>>> print(open('data-v3.txt').read())   # compact mmCIF, C-alpha atoms and all ligand atoms
# COMPACT_ATOMS: atom_id res chain seq x y z
CA THR A 1424 12.70 0.66 6.42
CA THR A 1425 12.70 3.34 9.11
CA PRO A 1426 13.90 2.49 12.58
CA LEU A 1427 11.30 3.19 15.25
CA LEU A 1428 13.66 2.18 18.02
CA GLU A 1429 17.44 2.13 18.16
CA VAL A 1430 19.14 0.68 21.19
CA LYS A 1431 22.78 1.72 21.33
CA ASN A 1432 25.40 0.18 23.59
CA LEU A 1433 22.79 -0.41 26.28
CA GLN A 1434 24.16 -1.50 29.65
CA LYS A 1435 22.51 -2.63 32.83
CA ARG A 1436 24.60 -3.57 35.81
CA PHE A 1437 23.05 -4.84 39.02
CA LEU A 1438 24.95 -4.83 42.28
CA ALA A 1439 25.22 -8.54 43.13
CA SER A 1440 27.03 -8.51 46.44
CA LYS A 1441 29.01 -6.25 48.66
CA GLY A 1442 30.80 -7.38 51.80
CA TRP A 1443 32.95 -5.48 54.29
CA PHE A 1444 36.32 -6.41 52.87
CA GLN A 1445 35.24 -7.25 49.36
CA GLN A 1446 35.04 -5.31 46.18
CA PRO A 1447 31.38 -5.04 45.18
CA THR A 1448 30.49 -7.49 42.43
CA TYR A 1449 28.15 -6.63 39.60
CA VAL A 1450 26.05 -8.61 37.22
CA HIS A 1451 26.13 -7.26 33.68
CA ALA A 1452 22.59 -8.27 32.86
CA VAL A 1453 22.73 -6.28 29.63
CA ASN A 1454 26.23 -5.71 28.34
CA GLY A 1455 26.45 -3.34 25.40
CA VAL A 1456 23.42 -4.31 23.34
CA ASN A 1457 22.88 -2.70 19.92
CA VAL A 1458 19.63 -3.44 18.13
CA THR A 1459 17.37 -1.58 15.75
CA VAL A 1460 13.65 -2.25 15.49
CA ASN A 1461 12.11 -1.11 12.22
CA GLU A 1462 8.63 0.32 11.91
CA GLY A 1463 6.03 -2.40 11.47
CA GLU A 1464 8.31 -5.36 12.08
CA THR A 1465 8.46 -7.96 14.80
CA LEU A 1466 11.92 -8.38 16.23
CA GLY A 1467 12.28 -11.56 18.28
CA ILE A 1468 14.74 -11.65 21.17
CA VAL A 1469 15.68 -15.19 22.16
CA GLY A 1470 18.00 -16.80 24.66
CA GLU A 1471 18.05 -18.98 27.74
CA SER A 1472 16.69 -17.67 31.02
CA GLY A 1473 19.19 -15.29 32.59
CA CYS A 1474 20.57 -14.06 29.25
CA GLY A 1475 19.24 -10.55 29.92
CA LYS A 1476 16.39 -10.47 27.40
CA SER A 1477 13.71 -9.49 29.93
CA THR A 1478 15.98 -6.89 31.48
CA LEU A 1479 16.59 -5.48 28.01
CA GLY A 1480 12.84 -5.14 27.41
CA ARG A 1481 12.29 -3.48 30.79
CA CYS A 1482 15.23 -1.13 30.25
CA ILE A 1483 13.78 0.07 26.95
CA LEU A 1484 10.58 1.10 28.75
CA ARG A 1485 12.67 2.26 31.70
CA LEU A 1486 10.76 0.08 34.11
CA VAL A 1487 14.35 -0.77 35.02
CA GLU A 1488 16.86 2.07 34.74
CA PRO A 1489 19.71 1.31 32.33
CA THR A 1490 23.24 2.02 33.55
CA ASP A 1491 24.47 3.42 30.26
CA GLY A 1492 23.77 3.69 26.55
CA GLU A 1493 21.05 5.21 24.39
CA ILE A 1494 17.44 4.33 23.70
CA VAL A 1495 16.43 6.29 20.63
CA PHE A 1496 12.66 6.10 20.16
CA GLN A 1497 11.03 8.13 17.39
CA GLY A 1498 14.24 10.11 17.08
CA ASN A 1499 14.72 11.01 20.78
CA ASN A 1500 17.11 9.51 23.29
CA ILE A 1501 14.54 8.66 25.94
CA ARG A 1502 17.16 7.30 28.34
CA THR A 1503 17.70 10.79 29.64
CA PHE A 1504 14.03 11.80 29.66
CA THR A 1505 12.45 13.00 32.91
CA LYS A 1506 9.68 10.99 34.56
CA ALA A 1507 7.09 13.34 33.11
CA ASP A 1508 8.48 13.04 29.59
CA MET A 1509 8.70 9.26 29.99
CA HIS A 1510 5.02 9.22 30.94
CA ASN A 1511 4.24 10.75 27.57
CA VAL A 1512 6.49 8.26 25.78
CA ARG A 1513 4.54 5.37 27.34
CA ARG A 1514 1.54 6.41 25.36
CA ASN A 1515 3.43 5.08 22.35
CA MET A 1516 5.32 2.26 24.01
CA GLN A 1517 3.50 -0.40 25.99
CA MET A 1518 4.35 -3.71 27.57
CA VAL A 1519 2.56 -7.05 27.52
CA PHE A 1520 3.70 -9.35 30.32
CA GLN A 1521 4.01 -13.12 30.63
CA ASN A 1522 1.45 -13.51 33.33
CA PRO A 1523 -1.27 -10.90 33.00
CA PHE A 1524 -2.82 -12.10 36.24
CA ASP A 1525 0.11 -10.67 38.18
CA THR A 1526 -0.44 -7.29 36.61
CA LEU A 1527 -4.25 -7.19 36.42
CA ASN A 1528 -5.63 -6.08 39.76
CA PRO A 1529 -8.15 -8.81 40.76
CA LYS A 1530 -10.24 -6.28 42.70
CA LEU A 1531 -10.96 -4.22 39.62
CA THR A 1532 -13.41 -4.81 36.83
CA ILE A 1533 -12.16 -5.02 33.27
CA GLN A 1534 -13.95 -1.73 32.63
CA HIS A 1535 -11.87 -0.15 35.40
CA ILE A 1536 -8.60 -1.76 34.22
CA LEU A 1537 -9.09 -0.45 30.69
CA THR A 1538 -10.12 3.01 31.89
CA GLU A 1539 -6.94 3.57 33.93
CA PRO A 1540 -4.57 4.27 31.03
CA LEU A 1541 -7.14 6.61 29.45
CA ILE A 1542 -7.35 8.68 32.63
CA ALA A 1543 -3.57 8.64 33.12
CA HIS A 1544 -3.12 10.06 29.63
CA HIS A 1545 -5.99 12.57 29.77
CA ILE A 1546 -8.19 11.05 27.08
CA PRO A 1547 -11.40 13.11 27.18
CA LYS A 1548 -14.19 11.48 29.12
CA GLU A 1549 -16.61 11.48 26.21
CA ASP A 1550 -14.21 9.40 24.08
CA ARG A 1551 -13.39 6.76 26.68
CA GLN A 1552 -16.33 4.39 26.55
CA SER A 1553 -16.29 3.95 22.79
CA LEU A 1554 -12.54 3.28 22.90
CA ILE A 1555 -13.00 0.68 25.63
CA GLU A 1556 -15.81 -1.10 23.82
CA GLU A 1557 -13.97 -1.04 20.52
CA THR A 1558 -10.80 -2.41 22.07
CA ILE A 1559 -12.39 -5.23 24.06
CA GLU A 1560 -14.00 -6.48 20.85
CA ILE A 1561 -10.81 -6.12 18.84
CA VAL A 1562 -9.07 -8.56 21.19
CA GLY A 1563 -11.87 -11.09 20.79
CA LEU A 1564 -13.90 -10.46 23.95
CA SER A 1565 -17.15 -8.53 24.26
CA LYS A 1566 -18.81 -5.62 26.02
CA ARG A 1567 -20.54 -7.93 28.46
CA HIS A 1568 -17.12 -8.92 29.86
CA LEU A 1569 -16.39 -5.38 31.02
CA SER A 1570 -18.30 -5.65 34.30
CA ARG A 1571 -16.42 -8.81 35.33
CA TYR A 1572 -13.23 -9.23 37.33
CA ALA A 1573 -9.87 -10.50 36.06
CA HIS A 1574 -9.99 -13.69 38.14
CA GLU A 1575 -13.15 -14.78 36.35
CA PHE A 1576 -11.25 -15.30 33.10
CA SER A 1577 -9.12 -18.12 31.70
CA GLY A 1578 -5.39 -17.64 31.05
CA GLY A 1579 -5.92 -16.96 27.36
CA GLN A 1580 -8.72 -14.47 28.05
CA ARG A 1581 -6.59 -12.71 30.65
CA GLN A 1582 -3.83 -12.31 28.11
CA ARG A 1583 -6.41 -10.82 25.72
CA ILE A 1584 -7.28 -8.33 28.49
CA GLY A 1585 -3.57 -7.61 29.02
CA ILE A 1586 -3.24 -6.93 25.31
CA ALA A 1587 -6.36 -4.74 25.32
CA ARG A 1588 -4.89 -2.67 28.14
CA ALA A 1589 -1.63 -2.26 26.23
CA LEU A 1590 -3.61 -1.25 23.17
CA MET A 1591 -5.87 1.34 24.81
CA LEU A 1592 -3.68 4.28 23.85
CA ARG A 1593 -2.97 2.93 20.37
CA PRO A 1594 0.81 2.69 20.91
CA LYS A 1595 3.40 2.40 18.15
CA LEU A 1596 5.55 -0.18 19.93
CA ILE A 1597 4.58 -3.19 22.00
CA ILE A 1598 7.21 -4.96 24.07
CA ALA A 1599 5.90 -8.45 24.76
CA ASP A 1600 7.86 -10.48 27.31
CA GLU A 1601 7.05 -14.20 27.06
CA PRO A 1602 3.39 -13.32 26.35
CA VAL A 1603 2.34 -16.91 25.62
CA SER A 1604 4.74 -18.90 27.81
CA ALA A 1605 2.18 -19.40 30.58
CA LEU A 1606 -0.49 -20.65 28.15
CA ASP A 1607 -1.41 -24.06 26.74
CA VAL A 1608 0.01 -24.71 23.29
CA SER A 1609 -3.48 -24.64 21.72
CA ILE A 1610 -4.11 -21.18 23.18
CA GLN A 1611 -0.62 -19.93 22.29
CA SER A 1612 -1.28 -19.85 18.56
CA GLN A 1613 -4.58 -17.98 19.09
CA ILE A 1614 -2.76 -15.24 20.99
CA LEU A 1615 0.09 -15.13 18.46
CA ASN A 1616 -2.42 -14.82 15.62
CA LEU A 1617 -4.21 -12.06 17.52
CA LEU A 1618 -0.93 -10.15 17.90
CA GLN A 1619 -0.29 -10.54 14.18
CA ASP A 1620 -3.77 -9.28 13.29
CA LEU A 1621 -3.39 -6.31 15.61
CA GLN A 1622 0.02 -5.56 14.17
CA GLU A 1623 -1.50 -5.25 10.73
CA GLN A 1624 -4.57 -3.34 11.86
CA PHE A 1625 -2.67 -0.77 13.94
CA SER A 1626 0.72 -0.79 12.14
CA LEU A 1627 2.30 -1.98 15.36
CA THR A 1628 5.96 -2.63 15.85
CA ILE A 1629 6.62 -5.53 18.20
CA LEU A 1630 9.62 -6.50 20.27
CA PHE A 1631 8.89 -10.11 21.11
CA ILE A 1632 10.92 -11.64 23.93
CA SER A 1633 10.84 -15.41 24.35
CA HIS A 1634 12.91 -18.44 25.29
CA ASP A 1635 10.69 -20.52 22.99
CA LEU A 1636 12.17 -20.74 19.51
CA ARG A 1637 9.05 -22.31 18.04
CA VAL A 1638 6.98 -19.34 19.14
CA VAL A 1639 9.55 -16.87 17.80
CA GLU A 1640 9.66 -18.72 14.49
CA HIS A 1641 5.89 -18.27 14.26
CA ILE A 1642 5.84 -14.54 14.82
CA ALA A 1643 9.18 -12.79 14.21
CA ASP A 1644 10.54 -11.13 11.06
CA ARG A 1645 14.07 -10.84 12.41
CA VAL A 1646 15.61 -12.48 15.45
CA ALA A 1647 18.35 -11.44 17.87
CA VAL A 1648 19.99 -14.23 19.89
CA MET A 1649 21.34 -13.27 23.30
CA TYR A 1650 23.93 -14.97 25.49
CA LEU A 1651 25.04 -13.63 28.88
CA GLY A 1652 23.81 -10.11 28.28
CA GLU A 1653 25.01 -9.76 24.70
CA VAL A 1654 23.49 -10.12 21.24
CA ILE A 1655 25.62 -12.77 19.51
CA GLU A 1656 23.67 -13.04 16.25
CA LEU A 1657 20.95 -11.01 14.55
CA ALA A 1658 19.40 -12.09 11.29
CA LYS A 1659 16.22 -12.49 9.28
CA LYS A 1660 14.19 -15.29 10.78
CA GLU A 1661 14.45 -17.59 7.75
CA GLU A 1662 18.21 -17.14 7.52
CA LEU A 1663 18.75 -17.78 11.20
CA PHE A 1664 16.54 -20.86 11.34
CA GLN A 1665 18.00 -22.34 8.15
CA ARG A 1666 21.61 -21.56 8.84
CA PRO A 1667 22.63 -20.15 12.19
CA MET A 1668 26.22 -18.92 12.06
CA HIS A 1669 27.27 -18.38 15.68
CA PRO A 1670 28.12 -21.69 17.43
CA TYR A 1671 25.77 -20.84 20.31
CA ALA A 1672 22.94 -20.05 17.91
CA GLN A 1673 23.71 -23.35 16.14
CA SER A 1674 23.34 -25.31 19.36
CA LEU A 1675 20.19 -23.44 20.38
CA LEU A 1676 18.56 -23.91 16.98
CA SER A 1677 19.52 -27.58 16.82
CA SER A 1678 17.05 -28.22 19.64
CA VAL A 1679 14.05 -27.01 17.62
CA PRO A 1680 12.10 -29.94 16.18
CA VAL A 1681 11.90 -29.87 12.39
CA SER A 1682 8.47 -29.94 10.80
CA ASP A 1683 9.59 -32.22 7.95
CA PRO A 1684 10.12 -35.75 9.38
CA ASP A 1685 12.50 -36.71 6.52
CA GLU A 1686 14.80 -33.89 7.34
CA LYS A 1687 17.41 -35.07 9.79
CA LYS A 1688 18.80 -32.62 12.20
CA GLU A 1689 21.74 -33.24 14.40
CA ARG A 1690 21.28 -32.09 17.94
CA ILE A 1691 24.25 -30.12 19.21
CA LEU A 1692 24.49 -30.57 22.96
CA LEU A 1693 26.46 -28.02 24.88
CA THR A 1694 28.98 -29.16 27.41
CA GLY A 1695 29.54 -27.24 30.59
CA ASP A 1696 27.12 -25.11 32.54
CA LEU A 1697 26.02 -21.60 31.78
CA PRO A 1698 28.73 -19.47 33.43
CA SER A 1699 27.73 -17.21 36.29
CA PRO A 1700 26.66 -13.81 34.96
CA SER A 1701 28.49 -12.15 37.86
CA ASN A 1702 31.75 -13.77 36.79
CA PRO A 1703 31.56 -14.33 33.04
CA PRO A 1704 34.50 -15.78 31.09
CA LYS A 1705 36.98 -13.36 29.56
CA GLY A 1706 37.17 -12.97 25.82
CA CYS A 1707 34.20 -14.55 24.06
CA LYS A 1708 31.71 -15.30 26.82
CA PHE A 1709 30.76 -18.50 25.02
CA HIS A 1710 34.30 -19.87 24.81
CA THR A 1711 33.97 -22.20 27.80
CA ARG A 1712 31.28 -24.15 25.95
CA CYS A 1713 32.29 -23.68 22.32
CA TRP A 1714 33.61 -26.59 20.23
CA ALA A 1715 35.25 -24.17 17.79
CA CYS A 1716 37.12 -22.20 20.43
CA MET A 1717 40.49 -20.80 19.33
CA ASP A 1718 43.23 -19.09 21.37
CA VAL A 1719 42.02 -15.63 20.44
CA CYS A 1720 38.56 -16.45 21.80
CA LYS A 1721 39.91 -16.74 25.35
CA THR A 1722 41.29 -13.22 25.43
CA GLU A 1723 39.45 -11.07 22.90
CA ALA A 1724 35.72 -10.46 22.92
CA PRO A 1725 34.36 -10.67 19.37
CA LEU A 1726 32.27 -7.67 18.30
CA LEU A 1727 28.91 -7.93 16.61
CA LYS A 1728 29.80 -7.37 12.95
CA GLU A 1729 28.15 -7.65 9.59
CA VAL A 1730 28.84 -11.00 7.93
CA GLU A 1731 27.01 -11.92 4.72
CA GLY A 1732 24.29 -9.35 5.36
CA ARG A 1733 23.64 -10.41 8.94
CA MET A 1734 25.21 -9.63 12.28
CA VAL A 1735 27.40 -12.13 14.09
CA ALA A 1736 29.78 -11.81 17.04
CA CYS A 1737 32.28 -14.64 16.52
CA HIS A 1738 35.98 -14.76 15.65
CA LEU A 1739 35.33 -17.59 13.17
CA TYR A 1740 33.84 -15.00 10.83
CA SER A 1741 35.70 -11.85 11.76
CA MET A 1742 39.04 -13.51 10.83
CA ALA A 1743 38.09 -13.97 7.20
CA GLY A 1744 37.65 -10.30 6.35
CA GLU A 1745 40.74 -8.96 8.06
FE1 LIG B 1 33.38 -19.98 19.66
FE2 LIG B 1 35.41 -18.31 19.42
FE3 LIG B 1 33.21 -17.87 18.05
FE4 LIG B 1 33.25 -17.52 20.68
S1 LIG B 1 34.41 -16.37 19.16
S2 LIG B 1 31.68 -18.54 19.52
S3 LIG B 1 34.62 -19.17 21.32
S4 LIG B 1 34.59 -19.59 17.83
MG MG B 2 12.50 -13.55 31.39
>>> encode(input="data-v3.txt", output="structure tokens")
Amino acid sequence: TTPLLEVKNLQKRFLASKGWFQQPTYVHAVNGVNVTVNEGETLGIVGESGCGKSTLGRCILRLVEPTDGEIVFQGNNIRTFTKADMHNVRRNMQMVFQNPFDTLNPKLTIQHILTEPLIAHHIPKEDRQSLIEETIEIVGLSKRHLSRYAHEFSGGQRQRIGIARALMLRPKLIIADEPVSALDVSIQSQILNLLQDLQEQFSLTILFISHDLRVVEHIADRVAVMYLGEVIELAKKEELFQRPMHPYAQSLLSSVPVSDPDEKKERILLTGDLPSPSNPPKGCKFHTRCWACMDVCKTEAPLLKEVEGRMVACHLYSMAGE
């Protein structure tokens, strides 16, 4: 397995407030994330809203500028690339958004929307129309849709258009942020299956961001679980869903309904609220809600370390090997 993307110690701090006599306060939306995405795989990123998963996705594309760290894509650290070099990178790295309607200009025809990226990346005029027609059909629509406007389509169709636009330049990596969360459940699986077909057809690598564990279980090969800006567990999907190791991952996974009705699953309910990201707890950020909390957890932040072939950031496991 070759990594297509390596995110190293990525940080994003936002200025949260600044008063006359106060120290400025910052939100660490992404706090030292390390993940590798291998060529051809789908890496799921899960966590509650506010855990930093969307910011992470946007930082990788530099739609949001990271504060620190490295983004190594196809061997280059693109975090320090100029705007012009980043423009070239985006040919190979595209984003699919949750609500394509927000990002599809309603005043433009689909033909126009799909032509834009081709012009921006200097695809010769004589090649454009065949690419557009091929792509609209690949996503399950047809040539006759090209003269219509985005508002004339249903949610599922709009997401197909959003995917077509992302696919126009035949990128290597797609970052999909909650791509089916705005859709009816019946439409969700159609779009997920489409993404899987496209992945095979174009050898795509997908970073799939979602709060919905059921959706991630459907599509991901490996899954990273985030909590307050940090990855707390990263494992193969089957391993994570069968036996989550981090207490937070255990509670999150316990809320997923099991498909087998005979299988009993105990729901682990968390006590306490999600701490404020501008004032996170010291030590392990999960310690205020963790039933396994030990003294060390209140002062020392556990690092993401390899445990039984997967990655976990929890003192319960780091103790054993030391
Ligand atoms: Fe719980 Fe401690 Fe593990 Fe954090 S490090 S999840 S507080 S046991
Ligand atoms: Mg989000």
>>> residues_around(input="data-v3.txt", residues="Ile1555 of chain A", least_positions_apart="4", cutoff="12 Å", atoms="only C-alpha atoms", output="MDAnalysis selection string")
chainID A and resid 1533:1541 1546 1548:1551 1559:1562 1564:1570 1584 1587:1593
>>> residues_around(input="data-v3.txt", residues="Tyr1740 of chain A", least_positions_apart="3", cutoff="12 Å", atoms="all atoms listed in the file", output="number ranges by chain")
A: 1656, 1668-1670, 1715, 1725-1731, 1733-1737, 1743-1745
>>> residues_near_ligand(input="data-v3.txt", ligand="ligand LIG 1 (chain B)", cutoff="8 Å", atoms="only C-alpha atoms and all ligand atoms", output="list in words")
His1669, Pro1670, Tyr1671, Gly1706, Cys1707, Lys1708, Phe1709, His1710, Thr1711, Arg1712, Cys1713, Trp1714, Ala1715, Cys1716, Met1717, Val1719, Cys1720, Lys1721, Ala1724, Pro1725, Ala1736, Cys1737, His1738, Leu1739 and Tyr1740 of chain A
>>> residues_near_ligand(input="data-v3.txt", ligand="ligand MG 2 (chain B)", cutoff="8 Å", atoms="all atoms listed in the file", output="PyMOL selection string")
chain A and resi 1472-1473+1475-1478+1600-1601+1632-1634
>>> residues_around(input="data-v3.txt", residues="Glu1653 of chain A", least_positions_apart="3", cutoff="9 Å", atoms="all atoms listed in the file", output="MDAnalysis selection string")
chainID A and resid 1452:1457 1474:1475 1648:1650 1708
>>> closest_residue(input="data-v3.txt", among="A:Thr1459, A:Asp1491, A:Pro1529, A:Lys1595", to="Val1512 of chain A", atoms="only C-alpha atoms")
A:Lys1595
>>> atom_distance(input="data-v3.txt", atom1="atom CA of Val1458 of chain A", atom2="atom CA of Gln1434 of chain A")
12.5 Å
>>> residues_around(input="data-v3.txt", residues="segment 1576-1582 of chain A", least_positions_apart="4", cutoff="9 Å", atoms="only C-alpha atoms", output="list in words")
Val1519, Phe1520, Gln1521, Asn1522, Pro1523, Phe1524, Leu1527, Gly1563, Leu1564, Arg1571, Tyr1572, Ile1586, Ala1587, Pro1602, Val1603, Ala1605, Leu1606, Asp1607, Ile1610, Gln1611, Gln1613 and Ile1614 of chain A
>>> atom_distance(input="data-v3.txt", atom1="atom CA of Arg1645 of chain A", atom2="atom CA of Gly1467 of chain A")
6.2 Å
>>> closest_residue(input="data-v3.txt", among="A:Ser1741, A:Gln1446, A:Lys1660, A:Leu1651", to="Leu1697 of chain A", atoms="only C-alpha atoms")
A:Leu1651
>>> decode(input="data-v3.txt", residues="segment 1538-1581 of chain A", atoms="C-alpha atoms", output="compact mmCIF listing (two decimals), in the first residue's frame")
# COMPACT_ATOMS: atom_id res chain seq x y z
CA THR A 1538 -17.21 23.44 -18.15
CA GLU A 1539 -15.76 25.76 -15.47
CA PRO A 1540 -13.14 23.37 -14.08
CA LEU A 1541 -12.06 22.44 -17.63
CA ILE A 1542 -11.44 26.08 -18.49
CA ALA A 1543 -9.71 26.77 -15.17
CA HIS A 1544 -7.29 23.93 -15.85
CA HIS A 1545 -6.75 24.66 -19.56
CA ILE A 1546 -8.29 21.50 -20.98
CA PRO A 1547 -8.26 22.03 -24.76
CA LYS A 1548 -11.57 23.19 -26.15
CA GLU A 1549 -11.92 20.28 -28.54
CA ASP A 1550 -11.76 17.76 -25.67
CA ARG A 1551 -14.26 19.46 -23.38
CA GLN A 1552 -17.63 18.41 -24.75
CA SER A 1553 -16.84 14.71 -24.89
CA LEU A 1554 -15.53 14.85 -21.31
CA ILE A 1555 -18.68 16.60 -20.12
CA GLU A 1556 -21.00 14.16 -21.85
CA GLU A 1557 -19.04 11.16 -20.65
CA THR A 1558 -19.01 12.41 -17.07
CA ILE A 1559 -22.70 13.32 -16.83
CA GLU A 1560 -23.55 9.79 -17.93
CA ILE A 1561 -21.05 8.18 -15.58
CA VAL A 1562 -22.86 9.77 -12.62
CA GLY A 1563 -26.20 8.43 -13.82
CA LEU A 1564 -27.66 11.49 -15.55
CA SER A 1565 -27.83 12.18 -19.27
CA LYS A 1566 -26.83 14.65 -21.96
CA ARG A 1567 -30.30 16.14 -22.05
CA HIS A 1568 -29.80 17.37 -18.46
CA LEU A 1569 -26.91 19.62 -19.47
CA SER A 1570 -29.06 22.53 -20.63
CA ARG A 1571 -30.99 22.64 -17.34
CA TYR A 1572 -30.32 24.61 -14.17
CA ALA A 1573 -29.28 23.22 -10.78
CA HIS A 1574 -32.54 24.20 -9.08
CA GLU A 1575 -34.48 21.96 -11.44
CA PHE A 1576 -32.98 18.83 -9.89
CA SER A 1577 -33.77 16.76 -6.80
CA GLY A 1578 -31.31 16.53 -3.90
CA GLY A 1579 -29.92 13.21 -5.09
CA GLN A 1580 -29.53 14.47 -8.66
CA ARG A 1581 -27.80 17.61 -7.43
